[in-house]
file start_0.tsv (TSV, C-alpha atoms and all ligand atoms)
chain	number	residue	atom	x	y	z
A	12	MET	CA	13.15	-16.86	1.64
A	13	ASN	CA	12.57	-16.54	5.33
A	14	LEU	CA	9.83	-13.92	5.84
A	15	LEU	CA	8.55	-12.22	8.98
A	16	ILE	CA	4.94	-11.05	8.62
A	17	LEU	CA	3.74	-8.33	11.01
A	18	GLY	CA	-0.03	-8.57	11.46
A	19	ARG	CA	-2.36	-11.53	11.15
A	20	GLY	CA	-5.52	-9.58	10.39
A	21	LYS	CA	-7.61	-9.67	7.23
A	22	THR	CA	-4.69	-8.98	4.88
A	23	GLY	CA	-1.69	-10.20	6.91
A	24	SER	CA	-3.17	-13.70	7.21
A	25	LEU	CA	-3.61	-13.90	3.42
A	26	VAL	CA	-0.04	-12.65	2.92
A	27	SER	CA	1.21	-15.52	5.13
A	28	GLU	CA	-0.88	-17.98	3.10
A	29	ALA	CA	0.37	-16.63	-0.25
A	30	ALA	CA	4.00	-16.65	0.99
A	31	ARG	CA	3.78	-20.30	2.10
A	32	GLU	CA	2.20	-21.24	-1.25
A	33	ARG	CA	5.16	-19.61	-3.01
A	34	GLY	CA	7.55	-21.80	-0.99
A	35	HIS	CA	8.74	-19.29	1.64
A	36	GLU	CA	9.29	-19.93	5.32
A	37	VAL	CA	6.96	-17.70	7.33
A	38	SER	CA	6.90	-16.40	10.91
A	39	VAL	CA	4.14	-14.13	12.17
A	40	LEU	CA	3.96	-11.52	14.93
A	41	CYS	CA	0.60	-10.16	16.11
A	42	ALA	CA	-0.15	-7.14	18.34
A	43	ALA	CA	0.18	-9.02	21.64
A	44	ASP	CA	3.63	-10.39	20.63
A	45	ASN	CA	4.96	-6.97	19.68
A	46	PRO	CA	3.79	-4.03	21.87
A	47	ASN	CA	5.48	-0.77	20.74
A	48	ALA	CA	7.59	-2.78	18.26
A	49	SER	CA	9.41	-4.35	21.24
A	50	ALA	CA	9.80	-7.72	19.48
A	51	LEU	CA	11.72	-6.17	16.57
A	52	THR	CA	15.19	-6.59	18.07
A	53	ALA	CA	18.36	-7.30	16.09
A	54	ALA	CA	18.31	-10.94	17.26
A	55	ARG	CA	14.63	-11.48	16.35
A	56	LEU	CA	15.06	-9.91	12.92
A	57	ALA	CA	18.40	-11.56	12.04
A	58	PRO	CA	17.12	-14.85	10.51
A	59	HIS	CA	14.65	-13.11	8.17
A	60	ASP	CA	15.39	-11.93	4.63
A	61	VAL	CA	12.47	-9.47	4.49
A	62	VAL	CA	9.74	-8.22	6.87
A	63	ILE	CA	6.22	-7.54	5.54
A	64	ASP	CA	3.94	-5.15	7.49
A	65	PHE	CA	0.11	-5.21	7.34
A	66	THR	CA	-0.72	-3.74	10.76
A	67	THR	CA	-2.18	-0.36	11.72
A	68	PRO	CA	-1.44	3.33	11.00
A	69	HIS	CA	-0.61	3.80	14.72
A	70	THR	CA	2.00	1.06	14.95
A	71	VAL	CA	3.61	0.98	11.51
A	72	LEU	CA	6.09	3.85	12.00
A	73	ALA	CA	7.67	2.13	15.01
A	74	HIS	CA	8.00	-1.06	12.91
A	75	ILE	CA	9.59	0.87	10.03
A	76	GLU	CA	12.04	2.64	12.37
A	77	ALA	CA	13.05	-0.65	14.05
A	78	CYS	CA	13.70	-2.33	10.67
A	79	ILE	CA	15.78	0.64	9.47
A	80	ARG	CA	17.75	0.63	12.75
A	81	HIS	CA	18.59	-3.05	12.30
A	82	LYS	CA	19.11	-2.78	8.50
A	83	LYS	CA	16.32	-5.20	7.70
A	84	ASN	CA	14.51	-4.88	4.37
A	85	LEU	CA	10.81	-4.16	4.76
A	86	VAL	CA	7.70	-4.23	2.55
A	87	VAL	CA	5.03	-1.88	3.94
A	88	GLY	CA	1.40	-2.55	3.03
A	89	THR	CA	-0.04	-0.60	5.95
A	90	THR	CA	-1.42	2.81	4.97
A	91	GLY	CA	-2.06	6.01	6.94
A	92	TRP	CA	1.59	7.05	7.54
A	93	TYR	CA	2.37	8.93	4.32
A	94	HIS	CA	2.67	12.33	6.07
A	95	ASP	CA	6.03	10.94	7.26
A	96	LEU	CA	7.14	9.66	3.86
A	97	PRO	CA	9.92	12.25	3.22
A	98	ARG	CA	11.49	11.60	6.66
A	99	ILE	CA	11.33	7.81	6.24
A	100	LYS	CA	12.72	8.02	2.68
A	101	GLN	CA	15.71	9.96	4.00
A	102	LEU	CA	16.26	7.51	6.89
A	103	VAL	CA	16.17	4.55	4.48
A	104	GLU	CA	18.54	6.20	2.03
A	105	THR	CA	21.10	7.15	4.68
A	106	SER	CA	20.95	3.79	6.47
A	107	GLY	CA	21.67	1.60	3.45
A	108	THR	CA	18.58	-0.58	3.81
A	109	GLY	CA	15.64	-1.39	1.51
A	110	LEU	CA	12.00	-0.36	1.88
A	111	LEU	CA	9.22	-0.89	-0.65
A	112	TYR	CA	5.74	0.50	0.05
A	113	ALA	CA	2.39	0.70	-1.68
A	114	ALA	CA	-1.06	1.94	-0.87
A	115	ASN	CA	-2.14	-0.98	-2.99
A	116	PHE	CA	-0.18	-4.08	-4.01
A	117	SER	CA	-2.69	-5.22	-6.62
A	118	VAL	CA	-1.41	-5.23	-10.20
A	119	GLY	CA	-4.93	-4.22	-11.38
A	120	VAL	CA	-4.91	-1.11	-9.19
A	121	ASN	CA	-1.47	-0.13	-10.42
A	122	LEU	CA	-2.77	-0.34	-14.00
A	123	PHE	CA	-5.73	1.79	-12.82
A	124	PHE	CA	-3.20	4.41	-11.63
A	125	ASP	CA	-1.71	4.53	-15.14
A	126	VAL	CA	-5.18	4.88	-16.69
A	127	ALA	CA	-5.97	7.70	-14.22
A	128	ARG	CA	-2.72	9.47	-15.15
A	129	THR	CA	-3.71	9.38	-18.81
A	130	ALA	CA	-7.31	10.43	-18.06
A	131	ALA	CA	-6.08	13.50	-16.12
A	132	ALA	CA	-5.73	15.26	-19.50
A	133	ALA	CA	-9.55	15.63	-19.48
A	134	LEU	CA	-9.24	18.23	-16.69
A	135	GLN	CA	-7.54	20.56	-19.16
A	136	HIS	CA	-10.52	20.14	-21.54
A	137	GLN	CA	-13.56	21.42	-19.61
A	138	TYR	CA	-14.01	18.32	-17.45
A	139	SER	CA	-14.38	18.40	-13.68
A	140	GLY	CA	-13.42	15.36	-11.61
A	141	GLN	CA	-14.25	13.53	-8.41
A	142	ILE	CA	-12.80	10.52	-6.59
A	143	PHE	CA	-14.99	8.11	-4.61
A	144	GLU	CA	-13.73	5.26	-2.44
A	145	ARG	CA	-15.70	2.55	-0.61
A	146	HIS	CA	-14.32	0.17	2.02
A	147	HIS	CA	-15.58	-2.12	4.80
A	148	ALA	CA	-16.87	-0.45	7.95
A	149	GLN	CA	-13.82	-1.51	10.06
A	150	LYS	CA	-11.24	0.32	7.94
A	151	LYS	CA	-9.41	2.71	10.27
A	152	ASP	CA	-8.07	5.41	7.93
A	153	ALA	CA	-9.94	7.69	5.49
A	154	PRO	CA	-9.47	8.59	2.73
A	155	SER	CA	-7.85	5.34	1.64
A	156	GLY	CA	-4.18	5.40	0.68
A	157	THR	CA	-5.23	4.29	-2.80
A	158	ALA	CA	-7.64	7.22	-3.22
A	159	ALA	CA	-4.94	9.61	-1.97
A	160	THR	CA	-2.57	8.12	-4.56
A	161	VAL	CA	-5.09	8.71	-7.39
A	162	GLN	CA	-5.49	12.29	-6.13
A	163	ARG	CA	-1.71	12.85	-6.14
A	164	ILE	CA	-1.31	11.28	-9.60
A	165	ILE	CA	-3.97	13.62	-11.04
A	166	LYS	CA	-2.44	16.64	-9.29
A	167	ASP	CA	1.05	15.81	-10.59
A	168	ALA	CA	-0.33	15.29	-14.11
A	169	CYS	CA	-2.45	18.44	-14.46
A	170	GLY	CA	-2.21	20.56	-11.27
A	171	THR	CA	-5.82	20.04	-10.13
A	172	GLU	CA	-6.53	18.57	-6.66
A	173	LEU	CA	-9.72	16.50	-6.86
A	174	GLU	CA	-12.04	16.03	-3.92
A	175	ILE	CA	-12.19	12.53	-2.37
A	176	THR	CA	-15.43	11.20	-0.90
A	177	SER	CA	-15.11	8.15	1.38
A	178	PHE	CA	-17.80	5.60	2.22
A	179	ARG	CA	-17.42	2.96	4.98
A	180	GLU	CA	-20.02	0.24	4.64
A	181	GLY	CA	-20.51	-3.51	5.06
A	182	ASP	CA	-17.64	-5.73	3.96
A	183	VAL	CA	-16.58	-3.93	0.77
A	184	VAL	CA	-12.99	-5.05	0.03
A	185	GLY	CA	-12.10	-1.82	-1.79
A	186	MET	CA	-13.71	0.13	-4.63
A	187	HIS	CA	-12.18	3.25	-6.22
A	188	GLU	CA	-13.90	5.45	-8.80
A	189	LEU	CA	-12.61	8.39	-10.79
A	190	ILE	CA	-15.43	10.28	-12.49
A	191	LEU	CA	-14.77	12.97	-15.08
A	192	ASP	CA	-17.70	15.11	-16.08
A	193	SER	CA	-18.13	17.60	-18.92
A	194	PRO	CA	-21.18	19.37	-20.40
A	195	ALA	CA	-21.03	16.81	-23.26
A	196	ASP	CA	-20.35	13.48	-21.54
A	197	ARG	CA	-19.13	11.63	-18.46
A	198	ILE	CA	-16.25	9.16	-18.05
A	199	TYR	CA	-16.39	6.51	-15.30
A	200	LEU	CA	-13.23	4.68	-14.27
A	201	CYS	CA	-13.69	2.09	-11.56
A	202	HIS	CA	-11.52	-0.54	-9.87
A	203	ASP	CA	-13.46	-3.00	-7.70
A	204	ALA	CA	-11.42	-5.53	-5.69
A	205	LYS	CA	-13.22	-8.89	-5.38
A	206	SER	CA	-10.94	-10.24	-2.65
A	207	ARG	CA	-7.74	-9.37	-0.75
A	208	ARG	CA	-5.85	-12.09	-2.59
A	209	GLY	CA	-4.43	-9.66	-5.21
A	210	PHE	CA	-2.92	-7.46	-2.46
A	211	ALA	CA	-1.41	-10.46	-0.69
A	212	GLU	CA	0.27	-11.98	-3.74
A	213	GLY	CA	1.57	-8.59	-4.85
A	214	ALA	CA	3.13	-7.99	-1.42
A	215	VAL	CA	4.89	-11.38	-1.43
A	216	ARG	CA	6.22	-10.83	-4.97
A	217	ALA	CA	7.36	-7.34	-3.85
A	218	ALA	CA	9.31	-8.97	-0.97
A	219	GLU	CA	10.97	-11.38	-3.43
A	220	TRP	CA	11.97	-8.39	-5.59
A	221	LEU	CA	13.27	-6.36	-2.60
A	222	ALA	CA	15.51	-9.08	-1.10
A	223	GLY	CA	19.13	-7.91	-1.16
A	224	LYS	CA	18.34	-4.43	-2.57
A	225	ASN	CA	19.01	-1.02	-0.97
A	226	GLY	CA	16.84	2.04	-1.50
A	227	PHE	CA	13.34	3.46	-1.11
A	228	PHE	CA	10.85	2.06	-3.65
A	229	ASP	CA	7.22	2.63	-4.58
A	230	PHE	CA	5.46	-0.50	-5.92
A	231	LYS	CA	3.91	1.51	-8.76
A	232	ASP	CA	7.41	2.05	-10.17
A	233	VAL	CA	8.51	-1.60	-9.95
A	234	TRP	CA	5.44	-3.86	-10.44
A	235	ARG	CA	6.20	-4.37	-14.14
A	236	GLN	CA	9.55	-5.96	-13.19
A	237	LEU	CA	8.02	-8.63	-10.90
A	301	LIG	N1	-1.19	-1.99	0.44
A	301	LIG	C1	-2.20	-2.84	0.20
A	301	LIG	O1	-2.30	-3.46	-0.86
A	301	LIG	C2	-3.25	-3.02	1.28
A	301	LIG	C3	-4.30	-3.92	1.10
A	301	LIG	C4	-5.18	-4.13	2.18
A	301	LIG	C5	-4.99	-3.45	3.38
A	301	LIG	N2	-3.97	-2.55	3.48
A	301	LIG	C6	-3.67	-1.85	4.74
A	301	LIG	O2	-3.08	-2.80	5.62
A	301	LIG	C7	-3.39	-2.46	6.98
A	301	LIG	C8	-4.03	-3.69	7.64
A	301	LIG	O3	-5.27	-3.94	7.04
A	301	LIG	P1	-6.20	-5.18	7.51
A	301	LIG	O4	-7.48	-4.98	6.80
A	301	LIG	O5	-5.46	-6.45	7.37
A	301	LIG	O6	-6.38	-4.80	9.07
A	301	LIG	P2	-6.78	-5.74	10.30
A	301	LIG	O7	-7.58	-6.91	9.86
A	301	LIG	O8	-7.38	-4.82	11.34
A	301	LIG	O9	-5.37	-6.27	10.82
A	301	LIG	C9	-4.45	-5.48	11.49
A	301	LIG	C10	-3.52	-6.42	12.23
A	301	LIG	O10	-2.43	-5.67	12.76
A	301	LIG	C11	-2.01	-6.36	13.90
A	301	LIG	N3	-1.15	-5.52	14.71
A	301	LIG	C12	-1.43	-4.35	15.34
A	301	LIG	N4	-0.34	-3.89	15.99
A	301	LIG	C13	0.66	-4.79	15.75
A	301	LIG	C14	2.01	-4.88	16.15
A	301	LIG	N5	2.60	-3.93	16.93
A	301	LIG	N6	2.75	-5.93	15.71
A	301	LIG	C15	2.22	-6.89	14.94
A	301	LIG	N7	0.91	-6.87	14.54
A	301	LIG	C16	0.15	-5.83	14.95
A	301	LIG	C17	-3.28	-6.76	14.58
A	301	LIG	O11	-2.95	-7.85	15.41
A	301	LIG	P3	-4.02	-8.56	16.42
A	301	LIG	O12	-4.87	-9.42	15.53
A	301	LIG	O13	-3.15	-9.36	17.31
A	301	LIG	O14	-4.76	-7.42	17.08
A	301	LIG	C18	-4.16	-7.16	13.39
A	301	LIG	O15	-4.06	-8.55	13.14
A	301	LIG	C19	-4.30	-1.22	6.89
A	301	LIG	O16	-3.50	-0.06	7.03
A	301	LIG	C20	-4.87	-1.29	5.48
A	301	LIG	O17	-5.22	0.00	4.98
A	301	LIG	C21	-3.10	-2.33	2.46
call {"tool": "encode", "arguments": {"input": "start_0.tsv", "output": "structure tokens"}}
result
Amino acid sequence: MNLLILGRGKTGSLVSEAARERGHEVSVLCAADNPNASALTAARLAPHDVVIDFTTPHTVLAHIEACIRHKKNLVVGTTGWYHDLPRIKQLVETSGTGLLYAANFSVGVNLFFDVARTAAAALQHQYSGQIFERHHAQKKDAPSGTAATVQRIIKDACGTELEITSFREGDVVGMHELILDSPADRIYLCHDAKSRRGFAEGAVRAAEWLAGKNGFFDFKDVWRQL
């Protein structure tokens, strides 16, 4: 495939590397090339099968809107825009394009979501729960999209909204903990990312899956098909 990667930061650069290793042609746009999404014209997007976005919460909506306008399929790894999810879902569905997003493209984290969904039953049996997330000091949004996803999964499963506590320290890639506590015992569930490589490979495989499809997709619903 011919991929356009938006962002060449910590994750975007690994996505480009993983995409080249999987035999794809890759072009990259950084912030200076693309102020206010101005580079995302019909002509610039035309040669690419799929765009992959790992940029910033402030710029990602303009990128999404440009790709929808020009009917270009897009994988969105950037977090911090989910307040606009219903509007974007509707735009994608009425425009006949394809968008796949995830707070976390790691297969391990998506398994962790399933484990959390099962563990939510504890909250109906005298357990209380808390979510903790730790990331590197430069991370711009808090709580993390992954922690917010765990919170939503638990709420959908048992109606309880758990508190999220965020820590920003050092160069932590991403650690998420769900702790369930009862008078009798305590359950610790923890996912600790060792590198960004799992996110990058997942995003490239998501782009391969999305090519030629229409619709609005969440990676947690499709990762088993990759
Ligand atoms: N879904 C997942 O699995 C996952 C995993 C990791 C991170 N993330 C999310 O991905 C995002 C990026 O994370 P990161 O750690 O890679 O951040 P980062 O190192 O700060 O990189 C952000 C990049 O975005 C670029 N950028 C900003 N505006 C742009 C624009 N208009 N067009 C093109 N590029 C632009 C910047 O370019 P310059 O270098 O030119 O300034 C920078 O390289 C965050 O929202 C993070 O939460 C998601």
call {"tool": "residues_around", "arguments": {"input": "start_0.tsv", "residues": "region 81-90 of chain A", "least_positions_apart": "6", "cutoff": "6 Å", "atoms": "all atoms listed in the file", "output": "PDB file with C-alpha atoms, in the coordinates of the input"}}
result
ATOM      1  CA  ALA A  53      18.360  -7.300  16.090  1.00  0.00           C
ATOM      2  CA  VAL A  61      12.470  -9.470   4.490  1.00  0.00           C
ATOM      3  CA  VAL A  62       9.740  -8.220   6.870  1.00  0.00           C
ATOM      4  CA  ILE A  63       6.220  -7.540   5.540  1.00  0.00           C
ATOM      5  CA  ASP A  64       3.940  -5.150   7.490  1.00  0.00           C
ATOM      6  CA  PHE A  65       0.110  -5.210   7.340  1.00  0.00           C
ATOM      7  CA  THR A  66      -0.720  -3.740  10.760  1.00  0.00           C
ATOM      8  CA  THR A 108      18.580  -0.580   3.810  1.00  0.00           C
ATOM      9  CA  GLY A 109      15.640  -1.390   1.510  1.00  0.00           C
ATOM     10  CA  LEU A 110      12.000  -0.360   1.880  1.00  0.00           C
ATOM     11  CA  LEU A 111       9.220  -0.890  -0.650  1.00  0.00           C
ATOM     12  CA  TYR A 112       5.740   0.500   0.050  1.00  0.00           C
ATOM     13  CA  ALA A 113       2.390   0.700  -1.680  1.00  0.00           C
ATOM     14  CA  ALA A 114      -1.060   1.940  -0.870  1.00  0.00           C
ATOM     15  CA  GLY A 156      -4.180   5.400   0.680  1.00  0.00           C
TER      16      GLY A 156
END
call {"tool": "closest_residue", "arguments": {"input": "start_0.tsv", "among": "A:Lys150, A:Arg197, A:Arg33, A:Arg145", "to": "ligand LIG 301 (chain A)", "atoms": "all atoms listed in the file"}}
result
A:Lys150
call {"tool": "atom_distance", "arguments": {"input": "start_0.tsv", "atom1": "CA of Thr52 (chain A)", "atom2": "CA of Phe210 (chain A)"}}
result
27.4 Å
call {"tool": "atom_distance", "arguments": {"input": "start_0.tsv", "atom1": "CA of Pro97 (chain A)", "atom2": "CA of Phe124 (chain A)"}}
result
21.3 Å
call {"tool": "closest_residue", "arguments": {"input": "start_0.tsv", "among": "A:Ala148, A:Ile142, A:Ala131, A:Ile79", "to": "ligand LIG 301 (chain A)", "atoms": "all atoms listed in the file"}}
result
A:Ala148
call {"tool": "residues_near_point", "arguments": {"input": "start_0.tsv", "point": "(-1.5, -9.9, 12.0)", "cutoff": "7 Å", "atoms": "all atoms listed in the file", "output": "VMD selection string"}}
result
chain A and resid 17 to 20 23 to 24 40 to 41 65 to 66
call {"tool": "write_last_selection", "arguments": {"input": "start_0.tsv", "atoms": "C-alpha atoms", "output": "mmCIF file, keeping the file's coordinate frame"}}
result
data_model
loop_
_atom_site.group_PDB
_atom_site.id
_atom_site.type_symbol
_atom_site.label_atom_id
_atom_site.label_comp_id
_atom_site.auth_asym_id
_atom_site.auth_seq_id
_atom_site.Cartn_x
_atom_site.Cartn_y
_atom_site.Cartn_z
ATOM 1 C CA LEU A 17 3.740 -8.330 11.010
ATOM 2 C CA GLY A 18 -0.030 -8.570 11.460
ATOM 3 C CA ARG A 19 -2.360 -11.530 11.150
ATOM 4 C CA GLY A 20 -5.520 -9.580 10.390
ATOM 5 C CA GLY A 23 -1.690 -10.200 6.910
ATOM 6 C CA SER A 24 -3.170 -13.700 7.210
ATOM 7 C CA LEU A 40 3.960 -11.520 14.930
ATOM 8 C CA CYS A 41 0.600 -10.160 16.110
ATOM 9 C CA PHE A 65 0.110 -5.210 7.340
ATOM 10 C CA THR A 66 -0.720 -3.740 10.760
#
call {"tool": "residues_around", "arguments": {"input": "start_0.tsv", "residues": "region 136-140 of chain A", "least_positions_apart": "2", "cutoff": "12 Å", "atoms": "all atoms listed in the file", "output": "ChimeraX atom specification"}}
result
/A:127,130-134,142-143,161-162,165-166,169,171-176,188-200
call {"tool": "axis_aligned_box", "arguments": {"input": "start_0.tsv", "around": "ligand LIG 301 (chain A)", "padding_each_side": "6 Å", "output": "JSON"}}
result
{"center_x": -2.4, "center_y": -4.7, "center_z": 8.2, "size_x": 22.3, "size_y": 21.4, "size_z": 30.2}
call {"tool": "closest_residue", "arguments": {"input": "start_0.tsv", "among": "A:Leu221, A:Ala43, A:Glu76, A:Ala168", "to": "Gln101 (chain A)", "atoms": "all atoms listed in the file"}}
result
A:Glu76
call {"tool": "atom_distance", "arguments": {"input": "start_0.tsv", "atom1": "CA of Leu72 (chain A)", "atom2": "CA of Leu122 (chain A)"}}
result
27.8 Å
call {"tool": "residues_around", "arguments": {"input": "start_0.tsv", "residues": "Arg207 (chain A)", "least_positions_apart": "5", "cutoff": "10 Å", "atoms": "all atoms listed in the file", "output": "list in words"}}
result
Lys21, Thr22, Gly23, Leu25, Val26, Phe116, Ser117, Val184, Gly185 and Glu212 of chain A
call {"tool": "closest_residue", "arguments": {"input": "start_0.tsv", "among": "A:Lys100, A:His69, A:Lys224, A:Arg216", "to": "Ala29 (chain A)", "atoms": "all atoms listed in the file"}}
result
A:Arg216
call {"tool": "closest_residue", "arguments": {"input": "start_0.tsv", "among": "A:Lys231, A:Gln149, A:Ile164, A:Pro68", "to": "Gly181 (chain A)", "atoms": "only C-alpha atoms"}}
result
A:Gln149
call {"tool": "closest_residue", "arguments": {"input": "start_0.tsv", "among": "A:Val71, A:Ser206, A:Val37, A:Val120", "to": "Asp95 (chain A)", "atoms": "all atoms listed in the file"}}
result
A:Val71
call {"tool": "residues_around", "arguments": {"input": "start_0.tsv", "residues": "Met186 (chain A)", "least_positions_apart": "2", "cutoff": "8 Å", "atoms": "only C-alpha atoms", "output": "ChimeraX atom specification"}}
result
/A:144-146,183-184,188,201-204
call {"tool": "write_last_selection", "arguments": {"input": "start_0.tsv", "atoms": "C-alpha atoms", "output": "PDB file, keeping the file's coordinate frame"}}
result
ATOM      1  CA  GLU A 144     -13.730   5.260  -2.440  1.00  0.00           C
ATOM      2  CA  ARG A 145     -15.700   2.550  -0.610  1.00  0.00           C
ATOM      3  CA  HIS A 146     -14.320   0.170   2.020  1.00  0.00           C
ATOM      4  CA  VAL A 183     -16.580  -3.930   0.770  1.00  0.00           C
ATOM      5  CA  VAL A 184     -12.990  -5.050   0.030  1.00  0.00           C
ATOM      6  CA  GLU A 188     -13.900   5.450  -8.800  1.00  0.00           C
ATOM      7  CA  CYS A 201     -13.690   2.090 -11.560  1.00  0.00           C
ATOM      8  CA  HIS A 202     -11.520  -0.540  -9.870  1.00  0.00           C
ATOM      9  CA  ASP A 203     -13.460  -3.000  -7.700  1.00  0.00           C
ATOM     10  CA  ALA A 204     -11.420  -5.530  -5.690  1.00  0.00           C
TER      11      ALA A 204
END
call {"tool": "build_atoms", "arguments": {"input": "start_0.tsv", "residues": "region 146-161 of chain A", "atoms": "N, CA, C and O atoms", "output": "PDB file, keeping the file's coordinate frame"}}
result
ATOM      1  N   HIS A 146     -14.987   1.271   1.322  1.00  0.00           N
ATOM      2  CA  HIS A 146     -14.320   0.170   2.020  1.00  0.00           C
ATOM      3  C   HIS A 146     -15.220  -0.335   3.146  1.00  0.00           C
ATOM      4  O   HIS A 146     -16.153   0.355   3.562  1.00  0.00           O
ATOM      5  N   HIS A 147     -14.869  -1.506   3.670  1.00  0.00           N
ATOM      6  CA  HIS A 147     -15.580  -2.120   4.800  1.00  0.00           C
ATOM      7  C   HIS A 147     -15.612  -1.179   6.008  1.00  0.00           C
ATOM      8  O   HIS A 147     -14.724  -0.333   6.196  1.00  0.00           O
ATOM      9  N   ALA A 148     -16.612  -1.364   6.841  1.00  0.00           N
ATOM     10  CA  ALA A 148     -16.870  -0.450   7.950  1.00  0.00           C
ATOM     11  C   ALA A 148     -15.741  -0.425   8.987  1.00  0.00           C
ATOM     12  O   ALA A 148     -15.604   0.547   9.732  1.00  0.00           O
ATOM     13  N   GLN A 149     -14.885  -1.471   9.029  1.00  0.00           N
ATOM     14  CA  GLN A 149     -13.820  -1.510  10.060  1.00  0.00           C
ATOM     15  C   GLN A 149     -12.561  -0.758   9.634  1.00  0.00           C
ATOM     16  O   GLN A 149     -11.650  -0.590  10.434  1.00  0.00           O
ATOM     17  N   LYS A 150     -12.487  -0.323   8.396  1.00  0.00           N
ATOM     18  CA  LYS A 150     -11.240   0.320   7.940  1.00  0.00           C
ATOM     19  C   LYS A 150     -10.969   1.566   8.777  1.00  0.00           C
ATOM     20  O   LYS A 150     -11.839   2.420   8.956  1.00  0.00           O
ATOM     21  N   LYS A 151      -9.697   1.676   9.267  1.00  0.00           N
ATOM     22  CA  LYS A 151      -9.410   2.710  10.270  1.00  0.00           C
ATOM     23  C   LYS A 151      -9.092   4.069   9.663  1.00  0.00           C
ATOM     24  O   LYS A 151      -9.359   5.099  10.258  1.00  0.00           O
ATOM     25  N   ASP A 152      -8.459   4.103   8.473  1.00  0.00           N
ATOM     26  CA  ASP A 152      -8.070   5.410   7.930  1.00  0.00           C
ATOM     27  C   ASP A 152      -8.987   5.830   6.776  1.00  0.00           C
ATOM     28  O   ASP A 152      -9.532   4.997   6.056  1.00  0.00           O
ATOM     29  N   ALA A 153      -9.173   7.124   6.612  1.00  0.00           N
ATOM     30  CA  ALA A 153      -9.940   7.690   5.490  1.00  0.00           C
ATOM     31  C   ALA A 153      -9.352   9.061   5.167  1.00  0.00           C
ATOM     32  O   ALA A 153      -9.020   9.795   6.089  1.00  0.00           O
ATOM     33  N   PRO A 154      -9.191   9.444   3.892  1.00  0.00           N
ATOM     34  CA  PRO A 154      -9.470   8.590   2.730  1.00  0.00           C
ATOM     35  C   PRO A 154      -8.463   7.450   2.639  1.00  0.00           C
ATOM     36  O   PRO A 154      -7.419   7.484   3.290  1.00  0.00           O
ATOM     37  N   SER A 155      -8.769   6.473   1.810  1.00  0.00           N
ATOM     38  CA  SER A 155      -7.850   5.340   1.640  1.00  0.00           C
ATOM     39  C   SER A 155      -6.555   5.815   1.014  1.00  0.00           C
ATOM     40  O   SER A 155      -6.525   6.804   0.273  1.00  0.00           O
ATOM     41  N   GLY A 156      -5.470   5.070   1.293  1.00  0.00           N
ATOM     42  CA  GLY A 156      -4.180   5.400   0.680  1.00  0.00           C
ATOM     43  C   GLY A 156      -4.267   5.336  -0.837  1.00  0.00           C
ATOM     44  O   GLY A 156      -3.625   6.125  -1.541  1.00  0.00           O
ATOM     45  N   THR A 157      -5.093   4.425  -1.345  1.00  0.00           N
ATOM     46  CA  THR A 157      -5.230   4.290  -2.800  1.00  0.00           C
ATOM     47  C   THR A 157      -5.907   5.523  -3.402  1.00  0.00           C
ATOM     48  O   THR A 157      -5.472   6.049  -4.437  1.00  0.00           O
ATOM     49  N   ALA A 158      -6.962   6.011  -2.729  1.00  0.00           N
ATOM     50  CA  ALA A 158      -7.640   7.220  -3.220  1.00  0.00           C
ATOM     51  C   ALA A 158      -6.685   8.419  -3.172  1.00  0.00           C
ATOM     52  O   ALA A 158      -6.642   9.244  -4.102  1.00  0.00           O
ATOM     53  N   ALA A 159      -5.904   8.507  -2.088  1.00  0.00           N
ATOM     54  CA  ALA A 159      -4.940   9.610  -1.970  1.00  0.00           C
ATOM     55  C   ALA A 159      -3.897   9.525  -3.085  1.00  0.00           C
ATOM     56  O   ALA A 159      -3.434  10.552  -3.597  1.00  0.00           O
ATOM     57  N   THR A 160      -3.539   8.291  -3.466  1.00  0.00           N
ATOM     58  CA  THR A 160      -2.570   8.120  -4.560  1.00  0.00           C
ATOM     59  C   THR A 160      -3.167   8.594  -5.880  1.00  0.00           C
ATOM     60  O   THR A 160      -2.502   9.294  -6.662  1.00  0.00           O
ATOM     61  N   VAL A 161      -4.427   8.238  -6.150  1.00  0.00           N
ATOM     62  CA  VAL A 161      -5.090   8.710  -7.390  1.00  0.00           C
ATOM     63  C   VAL A 161      -5.111  10.239  -7.386  1.00  0.00           C
ATOM     64  O   VAL A 161      -4.789  10.889  -8.391  1.00  0.00           O
TER      65      VAL A 161
END
